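The structure appears below as structure tokens.
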Amino acid sequence: MSAQVAPAERGATRIADRVVAKIAAQAAREALVAVPEDGAPPHAAVTVHQDTARVRISLELGFPADIGAQCGAVRRQVAERVKALAGMEVPEVAVQVERLHSAQTRGTDRGRIR
């Protein structure tokens with residue numbers, strides 16, 4: 001009689017890159033102290049190879065702020081959440097700050113001070 005393979009050991013699970021990107025973007029939002037009122041939410045681009053995800057996060061921050069500390073918090077949160085929710089190692093989280101939003105320029109036309 002042949003041995004049967006347990007259901008948990010059959011097949012494979014593949015998580016789409018866009019799903020991992022959505023997890024990463026949400027994790028970045030969670031890590032930020034505050035997203036600027038007129039700023040775009042964080043956006044993630046992900047490359048997945050087997051059980052490893054490389055993540056690139058684009059975000060906008062309020063200014064003045066400790067940019068380095070916020071980027072570090074985003075890196076840690078993204079790596080932890082992707083590992084916990086998708087089961088993938090995240091050896092690299094590149095954070096790109098696209099724009100700084102100053103409290104002085106909020107509510108003005110295109111960030112210019114009148």
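Simple scheme: letters A, B, ... for chains in structure tokens order, numbers from 1 for residues in each chain, numbers from 1 for ligands in the order shown.
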Give me every helix (DSSP H, G or I) residue in segment 2-114 of chain A, going by DSSP on the backbone, as an NGL selection string.
:A and (7-9 or 17-31 or 67-86 or 109-111)
Taking the backbone alone, and naming residues the way the document does, which bits of chain A are strand (DSSP E or B) by DSSP, as a PyMOL selection string?
chain A and resi 43-49+52-63+89-102
Rounded to one decimal place, report the atom CA of Leu61 of chain A-atom CA of Thr47 of chain A distance in Å.
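Straight-line distance from atom CA of Leu61 of chain A to atom CA of Thr47 of chain A works out to 24.3 Å.
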Nearest residue to Gln70 of chain A from the set A:Val19, A:Val35, A:Ala86, A:Ala8 (distances using only C-alpha atoms)
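Distance minimum relative to Gln70 of chain A lands on A:Val35.
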Straight-line distance linking atom CA of Glu89 of chain A with atom CA of Cys71 of chain A, stated in Å to one decimal:
19.0 Å
Just to confirm, what's the straight-line distance from atom CA of Thr13 of chain A to atom CA of Ala27 of chain A in Å (one decimal)?
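So the answer is 22.1 Å.
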Excluding Thr52 of chain A and its own-chain neighbours fewer than 6 positions away, which residues fall within 9 Å of it when counting only C-alpha atoms? Please give them as a VMD selection string.
chain A and resid 87 to 91
